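Trainee: Pasting protein32.txt below, which is compact mmCIF, C-alpha atoms and all ligand atoms.
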```
# COMPACT_ATOMS: atom_id res chain seq x y z
CA MET A 69 -0.21 76.91 51.74
CA GLU A 70 0.71 75.25 48.47
CA GLU A 71 -0.63 71.83 47.74
CA GLY A 72 1.39 68.70 48.22
CA GLN A 73 3.55 70.07 50.97
CA VAL A 74 3.98 68.16 54.15
CA PHE A 75 7.16 68.98 55.97
CA PRO A 76 9.47 66.59 57.76
CA MET A 77 10.23 67.28 61.41
CA ASN A 78 13.04 69.47 62.80
CA SER A 79 16.26 67.79 61.75
CA GLY A 80 19.53 67.06 63.57
CA ALA A 81 20.06 66.25 67.21
CA GLY A 82 20.03 69.78 68.68
CA LYS A 83 17.78 71.34 71.31
CA ALA A 84 14.79 71.93 69.01
CA SER A 85 15.21 68.70 67.00
CA TYR A 86 12.65 65.94 66.66
CA ALA A 87 15.32 63.51 67.88
CA ASN A 88 15.40 65.38 71.21
CA ASN A 89 11.70 66.05 71.51
CA SER A 90 9.86 62.85 70.75
CA LEU A 91 9.11 61.31 74.13
CA LEU A 92 5.39 61.61 73.45
CA GLN A 93 5.78 59.50 70.29
CA LYS A 94 8.02 57.06 72.18
CA THR A 95 5.27 56.66 74.77
CA VAL A 96 2.73 56.00 72.01
CA ILE A 97 4.93 53.29 70.46
CA SER A 98 5.52 51.62 73.81
CA LYS A 99 1.74 51.46 74.41
CA VAL A 100 1.33 49.62 71.10
CA ARG A 101 4.31 47.30 71.66
CA ALA A 102 2.29 44.20 72.56
CA THR A 103 0.13 44.54 69.42
CA VAL A 104 3.24 44.98 67.25
CA GLU A 105 4.92 41.95 68.77
CA ASP A 106 1.85 39.72 68.47
CA SER A 107 1.30 40.64 64.80
CA ALA A 108 4.96 40.28 63.85
CA LEU A 109 5.20 36.89 65.58
CA GLU A 110 2.08 35.74 63.80
CA VAL A 111 3.49 36.66 60.38
CA TYR A 112 6.90 35.21 61.13
CA PHE A 113 5.66 31.83 62.29
CA LYS A 114 2.93 31.58 59.65
CA THR A 115 5.05 32.54 56.65
CA SER A 116 8.49 31.29 57.85
CA PRO A 117 10.44 33.73 55.67
CA GLU A 118 14.13 33.21 55.07
CA SER A 119 14.47 36.94 55.53
CA MET A 120 11.65 38.85 57.19
CA ARG A 121 11.03 42.23 55.59
CA ILE A 122 9.60 44.89 57.86
CA ALA A 123 9.07 48.61 57.32
CA ASP A 124 8.44 51.67 59.44
CA LEU A 125 6.58 54.28 57.42
CA GLY A 126 7.05 57.91 58.43
CA CYS A 127 10.02 56.97 60.63
CA SER A 128 11.32 60.56 61.06
CA SER A 129 14.79 61.24 62.48
CA GLY A 130 14.54 60.33 66.14
CA PRO A 131 15.26 57.32 68.33
CA THR A 132 11.75 55.97 67.62
CA ALA A 133 12.81 55.11 64.05
CA LEU A 134 14.48 51.87 65.13
CA SER A 135 12.45 50.97 68.19
CA VAL A 136 9.90 48.81 66.40
CA ALA A 137 12.66 46.82 64.68
CA SER A 138 14.18 46.21 68.11
CA TYR A 139 10.88 45.10 69.61
CA ILE A 140 10.26 42.66 66.76
CA LEU A 141 13.73 41.25 66.83
CA ASP A 142 13.64 40.69 70.58
CA ALA A 143 10.19 39.10 70.41
CA ILE A 144 11.15 36.64 67.65
CA LEU A 145 14.49 35.72 69.26
CA PHE A 146 12.74 35.14 72.57
CA GLN A 147 10.10 32.94 70.96
CA LEU A 148 12.68 30.93 69.00
CA LYS A 149 14.60 30.35 72.23
CA GLN A 150 11.45 29.24 74.05
CA MET A 151 10.80 26.76 71.26
CA ASN A 152 14.42 25.67 71.33
CA GLN A 153 14.74 26.42 67.62
CA LYS A 154 18.19 27.21 66.24
CA LYS A 155 16.77 28.71 63.06
CA PRO A 156 18.82 31.75 61.92
CA LEU A 157 16.84 34.97 61.94
CA THR A 158 17.39 37.64 59.31
CA LEU A 159 15.48 40.89 59.27
CA GLN A 160 15.49 43.53 56.56
CA VAL A 161 14.31 46.81 58.00
CA PHE A 162 13.12 49.55 55.65
CA LEU A 163 12.87 53.03 57.11
CA ASN A 164 10.62 55.25 55.07
CA ASP A 165 9.94 58.97 55.23
CA LEU A 166 9.69 61.91 52.86
CA PRO A 167 12.88 62.66 50.91
CA GLY A 168 13.51 65.81 52.99
CA ASN A 169 13.68 63.75 56.21
CA ASP A 170 17.00 63.78 58.06
CA PHE A 171 17.87 60.11 57.51
CA ASN A 172 21.51 60.84 58.40
CA THR A 173 20.67 61.36 62.05
CA VAL A 174 19.08 57.90 62.08
CA PHE A 175 22.06 56.37 60.27
CA GLN A 176 24.35 57.81 62.91
CA SER A 177 22.58 55.78 65.57
CA LEU A 178 22.98 52.55 63.58
CA SER A 179 26.35 51.53 65.00
CA SER A 180 24.95 51.41 68.54
CA PHE A 181 21.91 49.54 67.23
CA TYR A 182 24.14 46.93 65.55
CA GLU A 183 26.36 46.73 68.67
CA ARG A 184 23.35 45.84 70.74
CA LEU A 185 22.43 43.14 68.24
CA LYS A 186 25.88 41.61 68.31
CA LYS A 187 25.58 41.21 72.06
CA LYS A 188 22.43 39.17 71.52
CA LYS A 189 23.93 36.92 68.89
CA LYS A 190 27.53 36.27 68.18
CA ASN A 191 27.21 36.08 64.37
CA ASP A 192 27.34 39.03 62.02
CA PRO A 193 24.40 41.42 62.10
CA ILE A 194 21.17 39.60 61.50
CA CYS A 195 19.44 42.81 60.70
CA PHE A 196 19.98 44.96 57.62
CA VAL A 197 18.66 48.51 57.80
CA MET A 198 17.99 50.69 54.78
CA ALA A 199 16.19 53.90 53.96
CA VAL A 200 13.33 54.28 51.50
CA PRO A 201 12.73 57.96 50.78
CA GLY A 202 9.32 58.70 49.26
CA SER A 203 5.69 59.32 50.09
CA PHE A 204 3.73 56.44 51.54
CA TYR A 205 0.85 57.70 49.39
CA GLY A 206 2.61 55.97 46.52
CA ARG A 207 4.41 52.67 45.91
CA LEU A 208 7.53 52.08 47.99
CA PHE A 209 8.32 48.35 47.63
CA PRO A 210 8.15 45.56 45.01
CA ASN A 211 5.02 43.41 44.71
CA ASN A 212 4.46 40.73 47.37
CA SER A 213 7.66 41.53 49.20
CA MET A 214 6.76 42.87 52.65
CA HIS A 215 5.86 40.82 55.71
CA PHE A 216 5.17 43.45 58.34
CA ILE A 217 4.50 47.18 58.10
CA HIS A 218 4.33 49.60 60.98
CA SER A 219 3.52 53.28 61.09
CA SER A 220 3.09 55.47 64.13
CA TYR A 221 1.89 59.07 64.33
CA SER A 222 2.38 59.59 60.58
CA LEU A 223 -0.82 58.56 58.86
CA HIS A 224 -2.81 61.51 60.16
CA TYR A 225 -0.73 63.58 57.71
CA LEU A 226 -2.57 63.98 54.44
CA SER A 227 -0.86 64.00 51.06
CA LYS A 228 -1.77 67.71 50.84
CA ALA A 229 -4.04 70.35 52.34
CA PRO A 230 -7.47 69.52 50.86
CA ASN A 231 -8.75 71.38 47.80
CA GLY A 232 -12.06 73.11 48.29
CA LEU A 233 -11.34 75.08 51.44
CA VAL A 234 -11.67 78.28 49.40
CA SER A 235 -14.86 78.89 47.39
CA GLU A 236 -14.80 79.64 43.64
CA THR A 237 -15.32 83.30 44.47
CA GLY A 238 -12.27 83.29 46.72
CA VAL A 239 -14.07 83.09 50.08
CA THR A 240 -12.06 81.23 52.70
CA HIS A 241 -14.36 78.70 54.35
CA ASN A 242 -12.22 78.07 57.42
CA LYS A 243 -11.52 81.70 58.30
CA GLY A 244 -9.49 82.17 61.44
CA ASN A 245 -8.75 78.45 61.78
CA ILE A 246 -5.83 76.34 60.62
CA TYR A 247 -7.59 73.01 61.20
CA ILE A 248 -11.12 71.90 62.05
CA THR A 249 -12.51 73.54 65.18
CA LYS A 250 -16.06 73.78 66.50
CA THR A 251 -16.49 77.04 64.53
CA SER A 252 -15.59 75.38 61.19
CA PRO A 253 -18.55 75.10 58.80
CA ASP A 254 -19.69 71.68 57.62
CA VAL A 255 -18.04 72.08 54.23
CA VAL A 256 -14.64 72.21 55.92
CA VAL A 257 -15.21 69.02 57.90
CA LYS A 258 -16.45 67.24 54.77
CA THR A 259 -13.56 68.49 52.63
CA TYR A 260 -10.97 67.30 55.13
CA LEU A 261 -12.73 63.95 55.54
CA ARG A 262 -12.87 63.43 51.77
CA GLN A 263 -9.13 64.02 51.50
CA PHE A 264 -8.48 61.55 54.31
CA GLU A 265 -10.69 58.91 52.65
CA GLU A 266 -8.90 59.36 49.33
CA ASP A 267 -5.42 59.26 50.84
CA PHE A 268 -6.03 56.36 53.20
CA THR A 269 -7.54 54.33 50.36
CA VAL A 270 -4.46 54.96 48.19
CA PHE A 271 -2.27 53.98 51.14
CA LEU A 272 -4.11 50.67 51.64
CA ARG A 273 -4.08 49.84 47.91
CA CYS A 274 -0.32 50.44 47.63
CA ARG A 275 0.45 48.39 50.74
CA SER A 276 -1.79 45.58 49.61
CA GLU A 277 0.24 45.23 46.39
CA GLU A 278 3.46 45.25 48.35
CA MET A 279 2.59 42.78 51.08
CA VAL A 280 2.69 39.00 51.01
CA ILE A 281 -0.58 37.20 51.71
CA GLY A 282 -0.90 36.91 55.48
CA GLY A 283 1.35 39.96 55.97
CA CYS A 284 0.35 42.30 58.81
CA MET A 285 0.25 46.03 59.40
CA VAL A 286 -0.04 47.91 62.67
CA LEU A 287 -0.97 51.56 62.16
CA THR A 288 -1.24 54.08 64.96
CA MET A 289 -2.57 57.52 64.18
CA MET A 290 -4.02 60.47 65.97
CA GLY A 291 -7.78 60.31 65.91
CA SER A 292 -10.74 62.25 67.22
CA ALA A 293 -13.82 61.43 69.22
CA ILE A 294 -16.01 63.77 67.13
CA SER A 295 -15.26 64.96 63.58
CA ASN A 296 -16.62 68.49 63.81
CA ASP A 297 -15.12 69.35 67.19
CA PRO A 298 -11.87 67.40 67.38
CA LYS A 299 -10.49 69.52 70.26
CA HIS A 300 -7.07 69.21 68.71
CA MET A 301 -3.82 70.82 69.73
CA LEU A 302 -3.83 72.60 66.35
CA GLU A 303 -6.75 74.69 67.63
CA ILE A 304 -4.40 76.12 70.26
CA VAL A 305 -1.77 76.82 67.59
CA GLY A 306 -4.49 78.70 65.67
CA ARG A 307 -5.34 80.77 68.76
CA VAL A 308 -1.76 82.00 69.05
CA LEU A 309 -1.65 82.88 65.34
CA ASN A 310 -4.90 84.81 65.75
CA ASP A 311 -3.50 86.72 68.73
CA LEU A 312 -0.62 87.83 66.53
CA VAL A 313 -3.09 88.96 63.86
CA SER A 314 -5.24 90.87 66.39
CA GLN A 315 -2.15 92.61 67.61
CA VAL A 316 -1.58 94.16 64.16
CA CYS A 317 -5.28 95.05 63.71
CA GLY A 318 -5.26 96.92 67.03
CA THR A 319 -2.21 98.84 65.92
CA ILE A 320 -3.72 99.77 62.55
CA THR A 321 -6.80 101.49 63.96
CA HIS A 322 -4.58 104.02 65.69
CA LEU A 323 -2.75 105.13 62.62
CA PHE A 324 -3.33 107.25 59.55
CA SER A 325 -3.38 105.31 56.33
CA PHE A 326 -0.15 106.76 54.96
CA VAL A 327 1.74 105.58 58.03
CA ILE A 328 0.22 102.12 57.97
CA TYR A 329 2.33 100.54 55.30
CA PHE A 330 5.54 101.73 56.87
CA HIS A 331 4.39 100.89 60.35
CA ILE A 332 3.27 97.36 59.53
CA ASN A 333 6.55 96.51 57.93
CA ILE A 334 8.58 97.85 60.83
CA ALA A 335 6.23 96.17 63.30
CA LYS A 336 6.56 92.87 61.46
CA ILE A 337 10.30 93.02 61.80
CA ILE A 338 10.26 94.09 65.44
CA PHE A 339 7.36 92.09 66.82
CA GLY A 340 6.97 89.29 64.33
CA ILE A 341 3.39 90.18 63.48
CA ILE A 342 1.59 88.14 60.88
CA GLU A 343 -1.09 88.93 58.32
CA GLU A 344 -4.67 87.80 58.69
CA LYS A 345 -4.82 86.35 55.19
CA SER A 346 -1.81 84.10 55.80
CA VAL A 347 -3.69 82.55 58.73
CA ASP A 348 -6.92 82.26 56.72
CA ASN A 349 -5.09 80.55 53.85
CA PHE A 350 -3.23 78.16 56.11
CA ASN A 351 -4.82 74.72 56.46
CA VAL A 352 -2.69 72.08 58.06
CA PRO A 353 -2.48 68.98 55.83
CA ALA A 354 -3.57 66.56 58.53
CA TYR A 355 -6.77 64.80 59.53
CA CYS A 356 -7.48 62.89 62.72
CA PRO A 357 -10.29 60.45 61.86
CA THR A 358 -12.82 58.96 64.21
CA GLU A 359 -12.76 55.22 64.74
CA LYS A 360 -15.83 54.90 62.51
CA GLU A 361 -14.30 56.91 59.65
CA ALA A 362 -11.11 54.82 59.64
CA ARG A 363 -13.07 51.56 59.81
CA LYS A 364 -15.27 52.60 56.87
CA VAL A 365 -12.27 53.19 54.56
CA ILE A 366 -10.72 49.83 55.48
CA GLU A 367 -13.98 47.97 54.91
CA GLU A 368 -14.77 49.71 51.62
CA ASP A 369 -11.27 49.08 50.29
CA GLY A 370 -11.37 45.41 51.30
CA SER A 371 -7.70 44.52 50.69
CA PHE A 372 -7.06 43.90 54.38
CA ARG A 373 -8.90 42.07 57.12
CA LEU A 374 -9.36 44.28 60.17
CA GLN A 375 -8.06 42.29 63.15
CA LYS A 376 -8.36 44.99 65.75
CA LEU A 377 -9.18 48.69 66.01
CA GLU A 378 -8.50 50.07 69.46
CA VAL A 379 -8.69 53.59 70.81
CA PHE A 380 -6.61 54.87 73.67
CA GLN A 381 -6.10 58.31 75.10
CA LEU A 382 -2.99 60.05 76.30
CA PRO A 383 -2.57 63.33 78.14
CA TRP A 384 -0.71 66.03 76.23
CA ASP A 385 2.20 65.75 78.63
CA ALA A 386 2.67 61.99 78.18
CA GLY A 387 6.41 61.27 78.42
CA PHE A 388 7.06 64.39 80.53
CA ASN A 389 8.18 62.50 83.61
CA GLU A 390 10.87 60.79 81.53
CA SER A 391 12.16 64.04 80.10
CA LYS A 392 15.84 64.19 80.95
CA GLY A 393 15.22 64.54 84.68
CA LYS A 394 15.58 68.29 84.29
CA ASN A 395 11.98 69.25 84.90
CA ASP A 396 10.17 69.88 88.09
CA ILE A 397 7.19 67.57 87.74
CA ASN A 398 4.96 69.85 89.78
CA ASN A 399 5.82 72.91 87.78
CA LYS A 400 3.04 73.94 85.36
CA TYR A 401 5.40 76.00 83.23
CA ASP A 402 7.86 73.10 82.74
CA ARG A 403 4.97 70.89 81.74
CA GLY A 404 3.66 73.47 79.24
CA LYS A 405 7.17 74.01 77.87
CA TYR A 406 7.67 70.27 77.41
CA ILE A 407 4.52 70.13 75.26
CA SER A 408 5.42 73.29 73.40
CA ASP A 409 8.92 71.92 72.63
CA TYR A 410 7.67 68.71 71.03
CA ILE A 411 5.05 70.60 69.03
CA ARG A 412 7.79 72.95 67.87
CA ALA A 413 9.90 69.99 66.68
CA VAL A 414 6.94 68.96 64.53
CA LEU A 415 5.49 72.27 63.35
CA GLU A 416 8.42 74.69 63.06
CA PRO A 417 9.24 73.79 59.43
CA ILE A 418 5.66 74.17 58.22
CA LEU A 419 5.09 77.41 60.19
CA MET A 420 8.29 78.93 58.83
CA LYS A 421 7.27 78.00 55.31
CA GLN A 422 3.83 79.57 55.71
CA PHE A 423 4.70 82.74 57.65
CA GLY A 424 8.36 83.27 56.84
CA GLU A 425 10.39 85.75 58.81
CA SER A 426 7.37 87.65 60.08
CA LEU A 427 6.94 84.87 62.60
CA ILE A 428 9.48 85.12 65.40
CA ILE A 429 9.57 81.53 66.33
CA ASP A 430 10.90 81.77 69.93
CA ASP A 431 8.24 84.35 70.76
CA PHE A 432 5.56 82.28 69.04
CA PHE A 433 6.35 79.19 71.10
CA GLU A 434 6.61 81.18 74.33
CA ARG A 435 3.04 82.40 73.72
CA PHE A 436 2.06 78.88 72.78
CA THR A 437 3.43 77.55 76.09
CA GLN A 438 1.20 80.02 77.97
CA LYS A 439 -1.86 79.01 75.93
CA ILE A 440 -1.14 75.34 76.63
CA ILE A 441 -0.96 76.01 80.36
CA GLU A 442 -4.34 77.84 80.17
CA SER A 443 -5.90 75.09 78.09
CA ILE A 444 -4.73 72.33 80.46
CA ALA A 445 -6.28 74.23 83.38
CA ASN A 446 -9.60 75.00 81.67
CA GLU A 447 -10.25 72.48 78.91
CA ASN A 448 -8.50 69.25 79.83
CA TRP A 449 -8.23 68.00 76.24
CA HIS A 450 -6.13 64.96 75.38
CA TYR A 451 -4.86 62.92 72.44
CA VAL A 452 -7.14 60.26 71.02
CA ASN A 453 -5.13 57.49 69.33
CA LEU A 454 -6.33 54.82 66.93
CA VAL A 455 -4.42 51.53 66.72
CA ILE A 456 -5.34 49.53 63.65
CA SER A 457 -4.16 46.00 63.15
CA LEU A 458 -4.64 44.53 59.64
CA THR A 459 -3.87 41.31 57.78
CA LYS A 460 -3.49 41.11 54.01
CA ASN A 461 -6.22 38.93 52.49
N1 LIG B 501 7.00 57.44 63.42
C1 LIG B 501 7.82 58.43 64.07
C2 LIG B 501 7.66 59.82 63.46
C3 LIG B 501 6.32 60.47 63.56
S1 LIG B 501 6.39 62.11 62.93
C4 LIG B 501 7.54 58.43 65.53
O1 LIG B 501 6.57 57.86 65.97
O2 LIG B 501 8.33 59.04 66.27
C5 LIG B 501 5.58 61.90 61.38
C6 LIG B 501 6.52 61.57 60.24
O3 LIG B 501 5.72 61.22 59.11
C7 LIG B 501 7.36 62.76 59.80
O4 LIG B 501 8.72 62.42 59.83
C8 LIG B 501 6.88 63.08 58.39
O5 LIG B 501 7.89 63.53 57.53
C9 LIG B 501 6.36 61.71 57.96
N2 LIG B 501 5.42 61.77 56.84
C10 LIG B 501 4.34 62.58 56.71
N3 LIG B 501 3.72 62.36 55.54
C11 LIG B 501 4.43 61.37 54.91
C12 LIG B 501 4.29 60.69 53.66
N4 LIG B 501 3.30 60.99 52.82
N5 LIG B 501 5.18 59.72 53.36
C13 LIG B 501 6.19 59.40 54.21
N6 LIG B 501 6.37 60.02 55.40
C14 LIG B 501 5.50 60.98 55.75
```
Please go through the file and, once you have read it, give me the structure as structure tokens.
Ligand code: SAH

Mentor:
Amino acid sequence: MEEGQVFPMNSGAGKASYANNSLLQKTVISKVRATVEDSALEVYFKTSPESMRIADLGCSSGPTALSVASYILDAILFQLKQMNQKKPLTLQVFLNDLPGNDFNTVFQSLSSFYERLKKKKKNDPICFVMAVPGSFYGRLFPNNSMHFIHSSYSLHYLSKAPNGLVSETGVTHNKGNIYITKTSPDVVVKTYLRQFEEDFTVFLRCRSEEMVIGGCMVLTMMGSAISNDPKHMLEIVGRVLNDLVSQVCGTITHLFSFVIYFHINIAKIIFGIIEEKSVDNFNVPAYCPTEKEARKVIEEDGSFRLQKLEVFQLPWDAGFNESKGKNDINNKYDRGKYISDYIRAVLEPILMKQFGESLIIDDFFERFTQKIIESIANENWHYVNLVISLTKN
């Protein structure tokens, strides 16, 4: 995988889109709602801005993009009413994601968002929404301009797959894996951690320039309990990729060498078989830090005061019971498919880029569904989430 490539989620509003498969992320945001509201209220009442500037970094293209703005707006309006204050409230909402993100799908939901606002207040919209395409590992806003920054399920993406996962002599350190697993050597864990430390430090420095003193950030990211055995969903993705590789190796041993080339190419087209080296070279540009690792970066950087760092867990099928009422909640397959569908919305672009047409995506995710069902029965892994609440010094 080339450096510097993180891919936005599946675009549009179709069956495989992020917009239609983000109930897990919606559940995560709702769990953090109270922390978001408390921090935003604190900034608003301490800084009394004429126009409060808030941002959602890594907003993607689903309904979650505007949910934090709604929470904040409701919380401030409620508080103003309680205090009997007639002060006009103006919010500027900046939605950030990579330039390839499908911002149009978010824009299309804006009219209903504004309609809802008008019902709350009879004046013209008190909320102005705009997009800020660019990487959050660089500057996005003018100096001292932002009051509140939120980011959910985005900061575990690195700026790139770390350098150093292949030795100078061309040996792949993380052979057979696409992320850290318990079989990954130490060098892999350290290399990933170093990239996270570098990226997260850059992130904090940029935000600290952009935020007003007293401004707050609430950051939720996927984390791990243990660095060298994160028990992450990506391990299951790797297992499916390896099954597809083994399938071609098994075929090869039964053939004469002159037939192999022809056979592999036909097999690739028919069965969607992938090459071992494309799995070995594939390292997902993400890192799920432990609580201690995240805390260390924040403390060493020093631009923000750490108000709170909480960890909560969620089952892989969080949000399933809300899923369109079409699923049988006791059906293991439906549950596995639900998980597989939201992972597809996230990983399809990056998998297609890495493996191209040799990966038949429907088949891949059918196998993945089966592996998820097995893993739920035997391993009982779950998501570890870090919620970090920071104030600009
Ligand atoms: N916050 C949303 C989306 C999470 S998906 C939610 O909770 O539903 C993660 C998003 O982060 C993706 O849309 C991806 O494109 C974005 N992302 C990843 N790296 C990024 C970067 N460096 N800068 C901006 N956005 C990034």

Trainee: Rank A:Gly80, A:Pro210, A:Gly168, A:Pro156 by their smallest atom-to-atom distance to Ser129 of chain A, using all atoms listed in the file, and report the top residue only.

Mentor: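 Looking only at the distances to Ser129 of chain A, the closest residue turns out to be A:Gly80.
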
Trainee: Please put the answer as AutoDock Vina command-line options: centre and edge lengths, in Å with one decimal, of a box along x, y and z that encloses all listed atoms of segment 242-260 of chain A plus 8 Å on each side.

Mentor:
```
--center_x -12.8 --center_y 74.7 --center_z 59.6 --size_x 29.9 --size_y 30.9 --size_z 29.9
```

Trainee: Determine, counting all atoms listed in the file, which protein, DNA and RNA residues have an atom within 12 Å of an atom of Lys360 of chain A; residues of the same chain fewer than 6 positions away are not included. Present the result as a PDB file with C-alpha atoms, in the frame of the given file.

Mentor:
```
ATOM      1  CA  LEU A 261     -12.730  63.950  55.540  1.00  0.00           C
ATOM      2  CA  GLU A 265     -10.690  58.910  52.650  1.00  0.00           C
ATOM      3  CA  GLY A 291      -7.780  60.310  65.910  1.00  0.00           C
ATOM      4  CA  SER A 292     -10.740  62.250  67.220  1.00  0.00           C
ATOM      5  CA  ALA A 293     -13.820  61.430  69.220  1.00  0.00           C
ATOM      6  CA  ILE A 294     -16.010  63.770  67.130  1.00  0.00           C
ATOM      7  CA  SER A 295     -15.260  64.960  63.580  1.00  0.00           C
ATOM      8  CA  ILE A 366     -10.720  49.830  55.480  1.00  0.00           C
ATOM      9  CA  GLU A 367     -13.980  47.970  54.910  1.00  0.00           C
ATOM     10  CA  LEU A 377      -9.180  48.690  66.010  1.00  0.00           C
ATOM     11  CA  GLU A 378      -8.500  50.070  69.460  1.00  0.00           C
ATOM     12  CA  VAL A 379      -8.690  53.590  70.810  1.00  0.00           C
ATOM     13  CA  LEU A 454      -6.330  54.820  66.930  1.00  0.00           C
ATOM     14  CA  ILE A 456      -5.340  49.530  63.650  1.00  0.00           C
TER      15      ILE A 456
END
```

Trainee: Could you pull out every residue with an atom within 10 Å of (-7.8, 85.0, 50.9), file coordinates, counting all atoms listed in the file, and send them as a VMD selection string?

Mentor: chain A and resid 234 to 235 238 to 241 243 344 to 350

Trainee: Hey, could you make a per-residue contact list for chain A against ligand LIG 501 (chain B) with 9 Å as the cut-off, showing the nearest pair of atoms and its distance in Å to one decimal, counting all atoms listed in the file, sorted by chain and number, as CSV?

Mentor:
```
residue,atom,partner,partner_atom,distance
A:Gln73,CA,B:LIG501,N3,9.0
A:Val74,CA,B:LIG501,N3,6.0
A:Phe75,CA,B:LIG501,O5,5.7
A:Pro76,CA,B:LIG501,O5,3.5
A:Met77,CA,B:LIG501,O4,5.3
A:Asn78,CA,B:LIG501,O4,8.8
A:Tyr86,CA,B:LIG501,O2,8.2
A:Ala87,CA,B:LIG501,O2,8.5
A:Ser90,CA,B:LIG501,O2,6.1
A:Leu91,CA,B:LIG501,O2,8.2
A:Leu92,CA,B:LIG501,O2,8.2
A:Gln93,CA,B:LIG501,O1,4.7
A:Lys94,CA,B:LIG501,O2,6.2
A:Thr95,CA,B:LIG501,O1,9.0
A:Val96,CA,B:LIG501,O1,7.4
A:Ile97,CA,B:LIG501,O1,6.6
A:Asp124,CA,B:LIG501,N1,7.2
A:Leu125,CA,B:LIG501,C13,6.1
A:Gly126,CA,B:LIG501,O3,3.6
A:Cys127,CA,B:LIG501,N1,4.1
A:Ser128,CA,B:LIG501,O4,3.4
A:Ser129,CA,B:LIG501,O4,6.7
A:Gly130,CA,B:LIG501,O2,6.3
A:Pro131,CA,B:LIG501,O2,7.4
A:Thr132,CA,B:LIG501,O2,4.8
A:Ala133,CA,B:LIG501,C1,6.0
A:Asn164,CA,B:LIG501,C13,6.1
A:Asp165,CA,B:LIG501,N6,3.7
A:Leu166,CA,B:LIG501,C13,4.5
A:Pro167,CA,B:LIG501,C13,8.1
A:Gly168,CA,B:LIG501,O5,7.6
A:Asn169,CA,B:LIG501,O5,5.9
A:Asp170,CA,B:LIG501,O4,8.6
A:Pro201,CA,B:LIG501,C13,7.5
A:Gly202,CA,B:LIG501,C13,5.9
A:Ser203,CA,B:LIG501,N5,3.3
A:Phe204,CA,B:LIG501,N5,4.0
A:Tyr205,CA,B:LIG501,N4,5.3
A:Gly206,CA,B:LIG501,N4,8.1
A:His218,CA,B:LIG501,N1,8.6
A:Ser219,CA,B:LIG501,N1,5.9
A:Ser220,CA,B:LIG501,N1,4.4
A:Tyr221,CA,B:LIG501,C3,4.7
A:Ser222,CA,B:LIG501,O3,4.0
A:Leu223,CA,B:LIG501,N3,6.8
A:His224,CA,B:LIG501,C10,8.0
A:Tyr225,CA,B:LIG501,N3,5.1
A:Leu226,CA,B:LIG501,N3,6.6
A:Ser227,CA,B:LIG501,N4,5.4
A:Lys228,CA,B:LIG501,N4,8.6
A:Thr288,CA,B:LIG501,O1,8.7
A:Ala354,CA,B:LIG501,N3,8.9
A:Val414,CA,B:LIG501,S1,7.1
```

Trainee: How about saving the chosen residues, C-alpha atoms kept, as a short mmCIF file (atom, residue, chain, number, x, y, z; two decimals), in the coordinates of the input?

Mentor:
```cif
data_model
loop_
_atom_site.label_atom_id
_atom_site.label_comp_id
_atom_site.auth_asym_id
_atom_site.auth_seq_id
_atom_site.Cartn_x
_atom_site.Cartn_y
_atom_site.Cartn_z
CA GLN A 73 3.55 70.07 50.97
CA VAL A 74 3.98 68.16 54.15
CA PHE A 75 7.16 68.98 55.97
CA PRO A 76 9.47 66.59 57.76
CA MET A 77 10.23 67.28 61.41
CA ASN A 78 13.04 69.47 62.80
CA TYR A 86 12.65 65.94 66.66
CA ALA A 87 15.32 63.51 67.88
CA SER A 90 9.86 62.85 70.75
CA LEU A 91 9.11 61.31 74.13
CA LEU A 92 5.39 61.61 73.45
CA GLN A 93 5.78 59.50 70.29
CA LYS A 94 8.02 57.06 72.18
CA THR A 95 5.27 56.66 74.77
CA VAL A 96 2.73 56.00 72.01
CA ILE A 97 4.93 53.29 70.46
CA ASP A 124 8.44 51.67 59.44
CA LEU A 125 6.58 54.28 57.42
CA GLY A 126 7.05 57.91 58.43
CA CYS A 127 10.02 56.97 60.63
CA SER A 128 11.32 60.56 61.06
CA SER A 129 14.79 61.24 62.48
CA GLY A 130 14.54 60.33 66.14
CA PRO A 131 15.26 57.32 68.33
CA THR A 132 11.75 55.97 67.62
CA ALA A 133 12.81 55.11 64.05
CA ASN A 164 10.62 55.25 55.07
CA ASP A 165 9.94 58.97 55.23
CA LEU A 166 9.69 61.91 52.86
CA PRO A 167 12.88 62.66 50.91
CA GLY A 168 13.51 65.81 52.99
CA ASN A 169 13.68 63.75 56.21
CA ASP A 170 17.00 63.78 58.06
CA PRO A 201 12.73 57.96 50.78
CA GLY A 202 9.32 58.70 49.26
CA SER A 203 5.69 59.32 50.09
CA PHE A 204 3.73 56.44 51.54
CA TYR A 205 0.85 57.70 49.39
CA GLY A 206 2.61 55.97 46.52
CA HIS A 218 4.33 49.60 60.98
CA SER A 219 3.52 53.28 61.09
CA SER A 220 3.09 55.47 64.13
CA TYR A 221 1.89 59.07 64.33
CA SER A 222 2.38 59.59 60.58
CA LEU A 223 -0.82 58.56 58.86
CA HIS A 224 -2.81 61.51 60.16
CA TYR A 225 -0.73 63.58 57.71
CA LEU A 226 -2.57 63.98 54.44
CA SER A 227 -0.86 64.00 51.06
CA LYS A 228 -1.77 67.71 50.84
CA THR A 288 -1.24 54.08 64.96
CA ALA A 354 -3.57 66.56 58.53
CA VAL A 414 6.94 68.96 64.53
#
```

Trainee: If I take atom CA of Asp409 of chain A and atom CA of Phe436 of chain A, how far is one from the other in Å, to one decimal?

Mentor: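 Taking atom CA of Asp409 of chain A as the start and atom CA of Phe436 of chain A as the end point, the length is 9.8 Å.
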
Trainee: For atom CA of Gln176 of chain A and atom CA of Phe433 of chain A, determine how far apart the two atoms are, in Å to one decimal place.

Mentor: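 Result for atom CA of Gln176 of chain A versus atom CA of Phe433 of chain A: 29.1 Å, one decimal.
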